[in-house]
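Asker: Mind having a look at this structure? Questions to follow.
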Amino acid sequence: MANGNDIVIETRALTKRYRAGILAVDGLSMNVKRGEVYGFVGPNGAGKTTTLRMLLGLVHPTSGQCRVLGEKPGTPEALGRIGTIVETPAFYPYLSGRDNLKVLARLASTPYSRIDAALDEVDLLGRAGDKFKSYSLGMKQRLGMAAALLKDPDLLILDEPTNGLDPAGMAEMRGLIRELGRGERTVFLSSHLMGELEQICDRIGVIKNGRIIAEGPLEELRHGSRLKVRAAPLERARELLDEMEVVGKIEQDTDTLLVEADPASTAAINRKLVEAGVEVSELFVAKLSLENVFLSLTEEDEPRG
Amino acid sequence: MDSLIAELTLLRKRVATWILLGFWLVLTILFAYVLPYYAYKGDIRFRERGGAALLAIMLPHNLVASLLSGFPFFGGTIILILGVLTMGSEYTWGTLTSAFTQRASRLKVFFSKMLALAIAIVPFVLLVFLLGFIASLLIALAENQPIDLPSAWQVLQALAIAWFIMAVWGSFGVLIAVLSRGTSLAIGLGLIYGLVLEGIISAFTNEITLLDYMSKAFLRTNGYSLVASLATTVTGGGGGPGGLQSSQIVSGTQAVLVLALEIVVFIIVAAALVRRRDVAGSS
Ligand SMILES: Nc1ncnc2c1ncn2[C@@H]1O[C@H](COP(=O)(O)OP(=O)(O)OP(=O)(O)O)[C@@H](O)[C@H]1O
Ligand SMILES: [Mg+2]
């Protein structure tokens with residue numbers, strides 16, 4: 001399946017159904033290339049963490065395949081080159097931050113010499129001697145990041161790494177991730193905030209109900225633009241647009257409509273509205289914010305699990 | 001080696017380990033020496049009725065019998081808790097995820113943990129014998145009694161048996177922690193089993209043959225039988241809290257075989273579950 005070693009994460013029809021019968025990941029196929037910063041975004045319960053756990057060999061897929069760094073997930077060969085945060089950072093509460101890293105370094109066969117550098121990288125050196133249980137959520141998250149950096153990994157798999165950080169901490173973490181993603185190192189990170197990934201990622205995959213529903217470089221995802229229509233009476237305009245073939249979904253703001261349509265059909269839409277006696281005061285192609293792209297991709301009537 | 005050091009660090013730096021150790025040492029010495037000696041000194045009528053026998057139990061030559069009887073039940077329960085904590089906390093804290101994503105394989109982590117636990121039991125055994133020896137020595141000196149030491153061979157056997165009995169209980173604790181993926185339920189169930197179930201069923205073995213068979217597989221029954229096969233005190237009975245039944249129900253050989261089979265089963269089942277099961281979320 002893999003062509004060369006340029007593909008760092010490869011999944012084929014990866015599926016996980018938990019014992020309880022919940023289909024968490026549903027035939028997921030994707031490739032993450034070497035050196036890429038790949039954002040994995042989706043609403044709560046979309047299956048992000050489950051996918052990450054499968055990539056790490058923590059959860060066994062029900063069906064489908066995946067390879068990480070050319071290895072079977074969860075093997076020492078793969079794990080030894082991966083730094084990871086899964087869900088909330090889990091450490092031994094009675095040990096200090098530094099002692100926690102020592103234990104992990106032992107399990108990773110990594111020299112202690114990297115510990116202080118990693119702690120420094122996340123600004124935790126000053127509190128490294130304090131017990132983990134005395135840390136704030138943000139400090140715990142930082143320690144998680146320090147642990148992920150211990151192995152000087154080729155691949156970082158980070159599950160919502162900015163969770164619990166204050167705005168300054170978030171910006172710092174984003175900067176750190178961007179920094180880490182330079183060069184050959186690959187970063188795979190999940191989030192439910194599209195805006196957060198915007199500033200970090202080369203490519204984004206949007207996951208919902210266990211499936212990838214959109215994937216591509218940011219610019220490409222954004223190109224799913226909308227027509228913004230300000231017209232009066234708005235209700236009448238909406239009815240008319242609904243009849244048109246070129247028009248997809250229509251969303252309504254207070255006094256404008258956001259219309260899913262090919263930008264090339266702008267003139268046709270304008271003509272139709274004007275001919276029907278609707279006053280069009282504004283009609284232009286609006287580039288969507290990432291948050292909008294995300295919402296329009298993921299929103300549906302079914303409840304989020 | 002690396003992962004063994006990691007697991008030993010986890011046990012060594014944990015306060016609960018030291019609390020269990022202290023609790024075990026204090027109570028064992030208290031019930032085996034301090035209280036009996038207090039009773040012996042304080043109550044003249046008591047001393048006249050069976051005093052000589054009571055004193056004999058506390059002297060150095062009875063060291064093995066006095067201390068060993070504390071292991072099959074009280075000591076076992078203490079190490080059961082240690083076993084549960086060692087494994088169960090990894091689930092409760094979600095740290096299994098961290099441990100299993102470093103480099104060491106799941107089985108390596110698991111067996112390092114078991115080995116660390118096996119090593120951690122050693123001070124529980126050695127220290128209680130050391131303190132017991134000191135106590136019996138002091139009593140012998142205070143009462144002007146001869147100081148006859150048990151043979152080195154007997155002491156060695158006693159240490160091995162003590163360690164083995166604790167190891168079986170510890171593995172049992174690990175297994176129920178793995179089964180319940182946590183500590184609370186495992187400790188609860190473990191204590192109910194150890195304190196209540198074995199006791200109740202053993203009480204009815206005369207009436208119901210099936211229960212008699214069952215009780216022959218019990219940790220306590222086999223532990224006591226093993227202990228009794230090595231050493232019996234001059235008077236029977238013995239120190240240590242819970243040292244209620246020092247009777248030998250099965251032969252020493254049978255007890256060793258049954259316990260050995262059980263520890264192997266406990267460890268294999270726990271290892272298989274740890275290796276195969278999904279690690280998804282904390283607790
Ligand atoms: N251990 C488990 N047993 C059963 N179902 C689970 C388990 N873990 C997760 N699920 C279910 O699988 C689905 C996907 O969960 P997952 O944690 O992968 O989502 P997520 O995208 O990480 O969500 P979030 O953004 O909230 O972290 C959910 O419906 C969840 O309830
Ligand atoms: Mg998640």
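In the structure tokens, chains take letters A, B, ... by order of appearance, with residues numbered from 1 within each chain and ligands from 1 in the order shown.
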Compute the set of protein, DNA and RNA residues whose minimum atom distance to ligand 2 is at most 6 Å, using only C-alpha atoms and all ligand atoms, and state it as a PyMOL selection string.

Answerer: chain A and resi 48-49+87

Asker: If you keep C-alpha atoms, can you produce a file of those selected residues as a PDB file, in the first residue's frame?

Answerer:
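Contents of part_18.pdb, freshly written:
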ATOM      1  CA  LYS A  48     -10.643  11.699  16.553  1.00  0.00           C
ATOM      2  CA  THR A  49      -9.290  10.205  19.748  1.00  0.00           C
ATOM      3  CA  GLU A  87      -6.780  13.039  25.463  1.00  0.00           C
TER       4      GLU A  87
END

Asker: With a cut-off of 6 Å, could you pull out the residues of chain A touching ligand 1 and give me the nearest pair of atoms for each, distance in Å to one decimal, using only C-alpha atoms and all ligand atoms, ordered by chain and ascending number, as JSON lines?

Answerer:
{"residue": "A:Tyr18", "atom": "CA", "partner": "ligand 1", "partner_atom_place_in_ligand_line": "4 (C)", "distance": 4.9}
{"residue": "A:Ala20", "atom": "CA", "partner": "ligand 1", "partner_atom_place_in_ligand_line": "4 (C)", "distance": 5.6}
{"residue": "A:Ile22", "atom": "CA", "partner": "ligand 1", "partner_atom_place_in_ligand_line": "5 (N)", "distance": 5.7}
{"residue": "A:Ala24", "atom": "CA", "partner": "ligand 1", "partner_atom_place_in_ligand_line": "12 (O)", "distance": 4.1}
{"residue": "A:Pro43", "atom": "CA", "partner": "ligand 1", "partner_atom_place_in_ligand_line": "25 (O)", "distance": 5.5}
{"residue": "A:Asn44", "atom": "CA", "partner": "ligand 1", "partner_atom_place_in_ligand_line": "26 (O)", "distance": 3.4}
{"residue": "A:Gly45", "atom": "CA", "partner": "ligand 1", "partner_atom_place_in_ligand_line": "19 (O)", "distance": 3.4}
{"residue": "A:Ala46", "atom": "CA", "partner": "ligand 1", "partner_atom_place_in_ligand_line": "21 (O)", "distance": 3.8}
{"residue": "A:Gly47", "atom": "CA", "partner": "ligand 1", "partner_atom_place_in_ligand_line": "18 (O)", "distance": 3.2}
{"residue": "A:Lys48", "atom": "CA", "partner": "ligand 1", "partner_atom_place_in_ligand_line": "21 (O)", "distance": 3.6}
{"residue": "A:Thr49", "atom": "CA", "partner": "ligand 1", "partner_atom_place_in_ligand_line": "22 (O)", "distance": 3.6}
{"residue": "A:Thr50", "atom": "CA", "partner": "ligand 1", "partner_atom_place_in_ligand_line": "18 (O)", "distance": 3.7}
{"residue": "A:His192", "atom": "CA", "partner": "ligand 1", "partner_atom_place_in_ligand_line": "25 (O)", "distance": 5.9}
{"residue": "A:Gly305", "atom": "CA", "partner": "ligand 1", "partner_atom_place_in_ligand_line": "29 (O)", "distance": 4.9}

Asker: Which residue is closest to Val122 (chain B)? Choose from B:Ala142, B:Leu21, B:Asn222, B:Gly42 and count only C-alpha atoms.

Answerer: B:Leu21

Asker: Show me which bits of chain A are within 7 Å of chain B, counting only C-alpha atoms, as a ChimeraX atom specification.

Answerer: /A:56,58-60,75-76,79-80,90-92,94,103-104,106-109

Asker: Store the residues picked out above in a file with N, CA and C atoms, as a compact mmCIF listing (two decimals), in the first residue's frame.

Answerer:
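Now in selection11.txt:
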# COMPACT_ATOMS: atom_id res chain seq x y z
N LEU A 56 -1.76 4.44 17.52
CA LEU A 56 -0.76 4.16 18.56
C LEU A 56 -0.82 2.72 19.04
N LEU A 58 -3.16 1.42 20.73
CA LEU A 58 -3.85 1.29 22.02
C LEU A 58 -5.20 0.62 21.83
N VAL A 59 -5.82 0.91 20.71
CA VAL A 59 -7.13 0.33 20.40
C VAL A 59 -6.97 -0.49 19.12
N HIS A 60 -7.54 -1.67 19.15
CA HIS A 60 -7.41 -2.54 17.97
C HIS A 60 -8.56 -2.27 17.01
N THR A 75 3.93 -1.18 17.78
CA THR A 75 5.17 -1.93 17.93
C THR A 75 6.24 -1.01 18.50
N PRO A 76 7.21 -1.59 19.19
CA PRO A 76 8.29 -0.75 19.74
C PRO A 76 8.97 0.09 18.66
N LEU A 79 6.52 3.00 18.04
CA LEU A 79 6.35 3.85 19.23
C LEU A 79 7.61 4.63 19.56
N GLY A 80 8.75 4.02 19.34
CA GLY A 80 10.01 4.64 19.69
C GLY A 80 10.28 5.92 18.91
N ALA A 90 -2.03 12.14 31.06
CA ALA A 90 -2.12 11.24 32.21
C ALA A 90 -0.73 10.98 32.76
N PHE A 91 -0.56 11.33 34.04
CA PHE A 91 0.73 11.11 34.68
C PHE A 91 0.51 10.57 36.09
N TYR A 92 1.59 10.14 36.72
CA TYR A 92 1.50 9.64 38.08
C TYR A 92 1.39 10.83 39.03
N TYR A 94 1.57 11.35 42.18
CA TYR A 94 2.42 11.50 43.36
C TYR A 94 3.87 11.77 43.00
N VAL A 103 10.42 8.37 34.53
CA VAL A 103 9.79 7.06 34.37
C VAL A 103 9.50 6.79 32.89
N LEU A 104 8.94 7.79 32.22
CA LEU A 104 8.62 7.59 30.80
C LEU A 104 9.89 7.41 29.97
N ARG A 106 12.61 6.04 30.90
CA ARG A 106 13.03 4.66 31.09
C ARG A 106 12.26 3.73 30.17
N LEU A 107 10.93 3.91 30.16
CA LEU A 107 10.10 3.04 29.33
C LEU A 107 10.39 3.25 27.84
N ALA A 108 10.89 4.44 27.51
CA ALA A 108 11.17 4.74 26.11
C ALA A 108 12.63 4.47 25.76
N SER A 109 13.42 4.03 26.74
CA SER A 109 14.87 3.85 26.55
C SER A 109 15.51 5.11 26.00

Asker: Within 12 Å of Val269 (chain B), counting only C-alpha atoms, which residues show up once you throw out same-chain ones fewer than 6 positions away? Write them as a list of chain:residue names, please.

Answerer: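 Those residues are B:Phe110, B:Ser171, B:Phe172, B:Val174, B:Leu175, B:Ile176, B:Ala177, B:Val178, B:Leu179, B:Glu262, B:Ile263, B:Arg275, B:Arg276, B:Arg277.
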
Asker: Could the residues in this selection be written to a file with all heavy atoms, as a tab-separated table (two decimals), in the first residue's frame?

Answerer:
chain	number	residue	atom	x	y	z
B	110	PHE	N	4.16	-4.94	31.61
B	110	PHE	CA	3.44	-5.75	32.60
B	110	PHE	C	4.40	-6.60	33.44
B	110	PHE	O	4.34	-6.61	34.67
B	110	PHE	CB	2.41	-6.65	31.91
B	110	PHE	CG	1.71	-7.59	32.85
B	110	PHE	CD1	0.70	-7.14	33.69
B	110	PHE	CD2	2.08	-8.93	32.92
B	110	PHE	CE1	0.07	-8.01	34.56
B	110	PHE	CE2	1.45	-9.81	33.79
B	110	PHE	CZ	0.44	-9.33	34.62
B	171	SER	N	-0.21	-11.34	43.17
B	171	SER	CA	-0.66	-11.63	41.80
B	171	SER	C	-2.17	-11.65	41.72
B	171	SER	O	-2.76	-11.21	40.73
B	171	SER	CB	-0.13	-12.99	41.34
B	171	SER	OG	1.20	-13.13	41.70
B	172	PHE	N	-2.78	-12.16	42.78
B	172	PHE	CA	-4.24	-12.16	42.83
B	172	PHE	C	-4.75	-10.72	42.77
B	172	PHE	O	-5.69	-10.39	42.02
B	172	PHE	CB	-4.71	-12.87	44.10
B	172	PHE	CG	-6.21	-12.94	44.25
B	172	PHE	CD1	-7.00	-13.50	43.24
B	172	PHE	CD2	-6.84	-12.45	45.39
B	172	PHE	CE1	-8.38	-13.56	43.38
B	172	PHE	CE2	-8.22	-12.51	45.53
B	172	PHE	CZ	-8.99	-13.07	44.52
B	174	VAL	N	-3.21	-8.14	41.45
B	174	VAL	CA	-2.98	-7.63	40.10
B	174	VAL	C	-4.09	-8.11	39.17
B	174	VAL	O	-4.65	-7.33	38.39
B	174	VAL	CB	-1.60	-8.08	39.58
B	174	VAL	CG1	-1.47	-7.83	38.09
B	174	VAL	CG2	-0.49	-7.37	40.34
B	175	LEU	N	-4.43	-9.38	39.29
B	175	LEU	CA	-5.45	-9.94	38.40
B	175	LEU	C	-6.80	-9.24	38.58
B	175	LEU	O	-7.43	-8.83	37.60
B	175	LEU	CB	-5.60	-11.44	38.62
B	175	LEU	CG	-6.73	-12.09	37.82
B	175	LEU	CD1	-6.49	-11.97	36.31
B	175	LEU	CD2	-6.92	-13.55	38.19
B	176	ILE	N	-7.23	-9.08	39.83
B	176	ILE	CA	-8.56	-8.45	39.99
B	176	ILE	C	-8.51	-6.97	39.61
B	176	ILE	O	-9.50	-6.42	39.15
B	176	ILE	CB	-9.16	-8.66	41.40
B	176	ILE	CG1	-8.19	-8.25	42.50
B	176	ILE	CG2	-9.61	-10.08	41.60
B	176	ILE	CD1	-8.74	-8.50	43.89
B	177	ALA	N	-7.34	-6.35	39.73
B	177	ALA	CA	-7.23	-4.96	39.27
B	177	ALA	C	-7.36	-4.90	37.75
B	177	ALA	O	-8.03	-4.02	37.20
B	177	ALA	CB	-5.89	-4.36	39.70
B	178	VAL	N	-6.75	-5.85	37.06
B	178	VAL	CA	-6.85	-5.87	35.61
B	178	VAL	C	-8.30	-6.16	35.19
B	178	VAL	O	-8.85	-5.51	34.31
B	178	VAL	CB	-5.90	-6.94	35.01
B	178	VAL	CG1	-6.19	-7.16	33.54
B	178	VAL	CG2	-4.46	-6.51	35.19
B	179	LEU	N	-8.90	-7.13	35.87
B	179	LEU	CA	-10.28	-7.49	35.53
B	179	LEU	C	-11.23	-6.31	35.71
B	179	LEU	O	-12.09	-6.07	34.88
B	179	LEU	CB	-10.75	-8.66	36.39
B	179	LEU	CG	-10.18	-10.04	36.03
B	179	LEU	CD1	-10.59	-11.07	37.05
B	179	LEU	CD2	-10.64	-10.45	34.63
B	262	GLU	N	-1.85	-21.64	41.01
B	262	GLU	CA	-2.68	-20.44	41.08
B	262	GLU	C	-1.91	-19.19	40.67
B	262	GLU	O	-2.41	-18.37	39.89
B	262	GLU	CB	-3.27	-20.28	42.49
B	262	GLU	CG	-4.45	-21.24	42.68
B	262	GLU	CD	-4.97	-21.29	44.10
B	262	GLU	OE1	-4.33	-20.71	45.00
B	262	GLU	OE2	-6.02	-21.91	44.30
B	263	ILE	N	-0.70	-19.07	41.13
B	263	ILE	CA	0.05	-17.85	40.78
B	263	ILE	C	0.31	-17.81	39.28
B	263	ILE	O	0.20	-16.76	38.64
B	263	ILE	CB	1.36	-17.72	41.61
B	263	ILE	CG1	1.93	-16.32	41.48
B	263	ILE	CG2	2.41	-18.71	41.18
B	263	ILE	CD1	3.13	-16.06	42.37
B	275	ARG	N	-2.38	-7.57	27.40
B	275	ARG	CA	-1.84	-7.54	26.05
B	275	ARG	C	-2.93	-7.30	25.00
B	275	ARG	O	-2.73	-6.56	24.05
B	275	ARG	CB	-1.13	-8.85	25.74
B	275	ARG	CG	-0.19	-8.76	24.55
B	275	ARG	CD	0.54	-10.05	24.34
B	275	ARG	NE	-0.22	-10.96	23.51
B	275	ARG	CZ	-0.10	-11.01	22.18
B	275	ARG	NH1	0.73	-10.22	21.58
B	275	ARG	NH2	-0.83	-11.86	21.48
B	276	ARG	N	-4.08	-7.93	25.19
B	276	ARG	CA	-5.06	-7.93	24.12
B	276	ARG	C	-6.07	-6.79	24.19
B	276	ARG	O	-6.57	-6.34	23.16
B	276	ARG	CB	-5.83	-9.26	24.14
B	276	ARG	CG	-5.07	-10.39	23.46
B	276	ARG	CD	-6.01	-11.57	23.18
B	276	ARG	NE	-7.40	-11.16	23.10
B	276	ARG	CZ	-8.37	-11.66	23.86
B	276	ARG	NH1	-8.10	-12.58	24.74
B	276	ARG	NH2	-9.61	-11.25	23.73
B	277	ARG	N	-6.40	-6.37	25.39
B	277	ARG	CA	-7.54	-5.46	25.48
B	277	ARG	C	-7.23	-4.06	24.98
B	277	ARG	O	-6.11	-3.59	25.04
B	277	ARG	CB	-8.01	-5.37	26.95
B	277	ARG	CG	-9.00	-6.43	27.28
B	277	ARG	CD	-9.72	-6.18	28.57
B	277	ARG	NE	-8.92	-5.60	29.63
B	277	ARG	CZ	-9.18	-5.78	30.92
B	277	ARG	NH1	-10.18	-6.54	31.29
B	277	ARG	NH2	-8.44	-5.21	31.82

Asker: What is the CA of Leu240 (chain A) to CA of Ala286 (chain A) distance in Å?

Answerer: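 One can read the CA of Leu240 (chain A) to CA of Ala286 (chain A) distance as 20.2 Å.
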
Asker: With only C-alpha atoms as the counted atoms, please give the residues lying no more than 10 Å from Leu117 (chain B), apart from itself and same-chain residues fewer than 2 positions off, as a tab-separated table (two decimals) with all heavy atoms, in the first residue's frame.

Answerer:
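Everything below was put into selection38.tsv:
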chain	number	residue	atom	x	y	z
B	4	LEU	N	12.18	-2.08	34.33
B	4	LEU	CA	12.13	-2.53	35.72
B	4	LEU	C	12.47	-1.38	36.67
B	4	LEU	O	11.80	-1.18	37.68
B	4	LEU	CB	13.09	-3.70	35.93
B	4	LEU	CG	13.18	-4.21	37.38
B	4	LEU	CD1	11.82	-4.72	37.85
B	4	LEU	CD2	14.23	-5.30	37.52
B	7	GLU	N	9.50	0.83	36.98
B	7	GLU	CA	8.43	0.30	37.83
B	7	GLU	C	8.83	0.31	39.31
B	7	GLU	O	8.00	0.54	40.18
B	7	GLU	CB	8.07	-1.13	37.40
B	7	GLU	CG	7.53	-1.24	35.97
B	7	GLU	CD	6.25	-0.45	35.77
B	7	GLU	OE1	5.55	-0.17	36.77
B	7	GLU	OE2	5.93	-0.11	34.62
B	8	LEU	N	10.11	0.05	39.58
B	8	LEU	CA	10.57	0.12	40.96
B	8	LEU	C	10.46	1.54	41.50
B	8	LEU	O	10.07	1.76	42.65
B	8	LEU	CB	12.02	-0.38	41.06
B	8	LEU	CG	12.19	-1.90	41.02
B	8	LEU	CD1	13.67	-2.27	40.94
B	8	LEU	CD2	11.56	-2.55	42.24
B	11	LEU	N	6.95	2.26	42.58
B	11	LEU	CA	6.60	1.67	43.88
B	11	LEU	C	7.30	2.38	45.03
B	11	LEU	O	6.71	2.64	46.08
B	11	LEU	CB	6.97	0.19	43.89
B	11	LEU	CG	5.93	-0.76	43.32
B	11	LEU	CD1	6.52	-2.14	43.09
B	11	LEU	CD2	4.74	-0.86	44.27
B	79	ILE	N	-0.51	-7.45	50.94
B	79	ILE	CA	0.12	-7.49	49.62
B	79	ILE	C	-0.93	-7.52	48.51
B	79	ILE	O	-0.70	-7.02	47.41
B	79	ILE	CB	1.09	-8.68	49.51
B	79	ILE	CG1	2.21	-8.52	50.54
B	79	ILE	CG2	1.69	-8.79	48.11
B	79	ILE	CD1	3.08	-7.28	50.35
B	82	LEU	N	-1.38	-4.03	47.84
B	82	LEU	CA	-0.25	-3.50	47.09
B	82	LEU	C	-0.34	-3.91	45.62
B	82	LEU	O	-0.08	-3.11	44.71
B	82	LEU	CB	1.07	-4.00	47.70
B	82	LEU	CG	2.33	-3.34	47.14
B	82	LEU	CD1	2.39	-1.87	47.49
B	82	LEU	CD2	3.59	-4.05	47.66
B	83	GLY	N	-0.72	-5.16	45.37
B	83	GLY	CA	-0.86	-5.64	44.00
B	83	GLY	C	-1.95	-4.88	43.26
B	83	GLY	O	-1.76	-4.46	42.11
B	86	THR	N	-0.66	-1.36	42.50
B	86	THR	CA	0.38	-1.35	41.47
B	86	THR	C	-0.24	-1.35	40.07
B	86	THR	O	0.16	-0.59	39.20
B	86	THR	CB	1.28	-2.59	41.64
B	86	THR	OG1	1.83	-2.55	42.94
B	86	THR	CG2	2.39	-2.61	40.63
B	87	MET	N	-1.20	-2.20	39.87
B	87	MET	CA	-1.78	-2.34	38.53
B	87	MET	C	-3.01	-1.45	38.34
B	87	MET	O	-3.17	-0.80	37.31
B	87	MET	CB	-2.15	-3.81	38.31
B	87	MET	CG	-2.42	-4.16	36.86
B	87	MET	SD	-0.94	-3.94	35.86
B	87	MET	CE	-1.69	-3.43	34.32
B	111	PHE	N	5.29	-7.30	32.77
B	111	PHE	CA	6.18	-8.19	33.53
B	111	PHE	C	7.21	-7.40	34.34
B	111	PHE	O	7.64	-7.86	35.40
B	111	PHE	CB	6.84	-9.23	32.62
B	111	PHE	CG	5.89	-10.36	32.29
B	111	PHE	CD1	5.36	-10.51	31.02
B	111	PHE	CD2	5.50	-11.25	33.27
B	111	PHE	CE1	4.45	-11.52	30.73
B	111	PHE	CE2	4.60	-12.28	33.00
B	111	PHE	CZ	4.08	-12.41	31.72
B	112	SER	N	7.57	-6.22	33.87
B	112	SER	CA	8.43	-5.37	34.71
B	112	SER	C	7.70	-5.00	35.99
B	112	SER	O	8.27	-4.96	37.07
B	112	SER	CB	8.80	-4.09	33.96
B	112	SER	OG	9.44	-4.40	32.76
B	113	LYS	N	6.42	-4.72	35.84
B	113	LYS	CA	5.60	-4.39	36.99
B	113	LYS	C	5.54	-5.58	37.96
B	113	LYS	O	5.69	-5.42	39.18
B	113	LYS	CB	4.20	-4.06	36.51
B	113	LYS	CG	3.60	-2.86	37.16
B	113	LYS	CD	2.29	-2.53	36.52
B	113	LYS	CE	2.28	-1.14	35.95
B	113	LYS	NZ	2.88	-0.12	36.80
B	114	MET	N	5.34	-6.77	37.43
B	114	MET	CA	5.26	-7.95	38.27
B	114	MET	C	6.58	-8.19	38.98
B	114	MET	O	6.62	-8.54	40.16
B	114	MET	CB	4.89	-9.19	37.43
B	114	MET	CG	3.52	-9.13	36.80
B	114	MET	SD	2.20	-8.84	37.99
B	114	MET	CE	2.23	-10.37	38.88
B	115	LEU	N	7.67	-8.01	38.24
B	115	LEU	CA	8.99	-8.22	38.83
B	115	LEU	C	9.25	-7.19	39.93
B	115	LEU	O	9.77	-7.52	41.00
B	115	LEU	CB	10.04	-8.11	37.72
B	115	LEU	CG	11.38	-8.77	37.99
B	115	LEU	CD1	11.19	-10.22	38.38
B	115	LEU	CD2	12.28	-8.67	36.75
B	119	ILE	N	9.97	-7.87	43.86
B	119	ILE	CA	11.10	-7.31	44.61
B	119	ILE	C	10.61	-6.51	45.82
B	119	ILE	O	11.18	-6.57	46.90
B	119	ILE	CB	11.97	-6.43	43.68
B	119	ILE	CG1	12.63	-7.31	42.63
B	119	ILE	CG2	13.01	-5.66	44.48
B	119	ILE	CD1	13.36	-6.55	41.54
B	120	ALA	N	9.51	-5.80	45.62
B	120	ALA	CA	8.99	-4.97	46.71
B	120	ALA	C	8.52	-5.81	47.89
B	120	ALA	O	8.48	-5.34	49.02
B	120	ALA	CB	7.83	-4.11	46.19
B	121	ILE	N	8.18	-7.07	47.63
B	121	ILE	CA	7.73	-7.94	48.72
B	121	ILE	C	8.89	-8.30	49.64
B	121	ILE	O	8.69	-8.54	50.83
B	121	ILE	CB	7.06	-9.21	48.14
B	121	ILE	CG1	5.80	-8.84	47.38
B	121	ILE	CG2	6.72	-10.20	49.23
B	121	ILE	CD1	5.17	-10.01	46.66
B	122	VAL	N	10.08	-8.33	49.10
B	122	VAL	CA	11.24	-8.77	49.87
B	122	VAL	C	11.39	-8.02	51.20
B	122	VAL	O	11.51	-8.65	52.25
B	122	VAL	CB	12.53	-8.71	49.02
B	122	VAL	CG1	13.75	-8.98	49.87
B	122	VAL	CG2	12.44	-9.71	47.87
B	167	ALA	N	3.60	-13.41	47.33
B	167	ALA	CA	3.60	-13.26	45.87
B	167	ALA	C	2.28	-13.76	45.28
B	167	ALA	O	1.74	-13.16	44.35
B	167	ALA	CB	4.79	-14.02	45.27
B	170	GLY	N	-0.28	-11.14	45.97
B	170	GLY	CA	-0.01	-9.96	45.14
B	170	GLY	C	-0.48	-10.16	43.71
B	170	GLY	O	-1.10	-9.28	43.11
B	171	SER	N	-0.21	-11.34	43.17
B	171	SER	CA	-0.66	-11.63	41.80
B	171	SER	C	-2.17	-11.65	41.72
B	171	SER	O	-2.76	-11.21	40.73
B	171	SER	CB	-0.13	-12.99	41.34
B	171	SER	OG	1.20	-13.13	41.70
B	174	VAL	N	-3.21	-8.14	41.45
B	174	VAL	CA	-2.98	-7.63	40.10
B	174	VAL	C	-4.09	-8.11	39.17
B	174	VAL	O	-4.65	-7.33	38.39
B	174	VAL	CB	-1.60	-8.08	39.58
B	174	VAL	CG1	-1.47	-7.83	38.09
B	174	VAL	CG2	-0.49	-7.37	40.34

Asker: Out of B:Leu107, B:Leu67, B:Ile81, B:Ala140, which residue has the shortest atom-to-atom distance to Ala162 (chain B) when counting only C-alpha atoms?

Answerer: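 Selected residue with least distance to Ala162 (chain B): B:Leu67.
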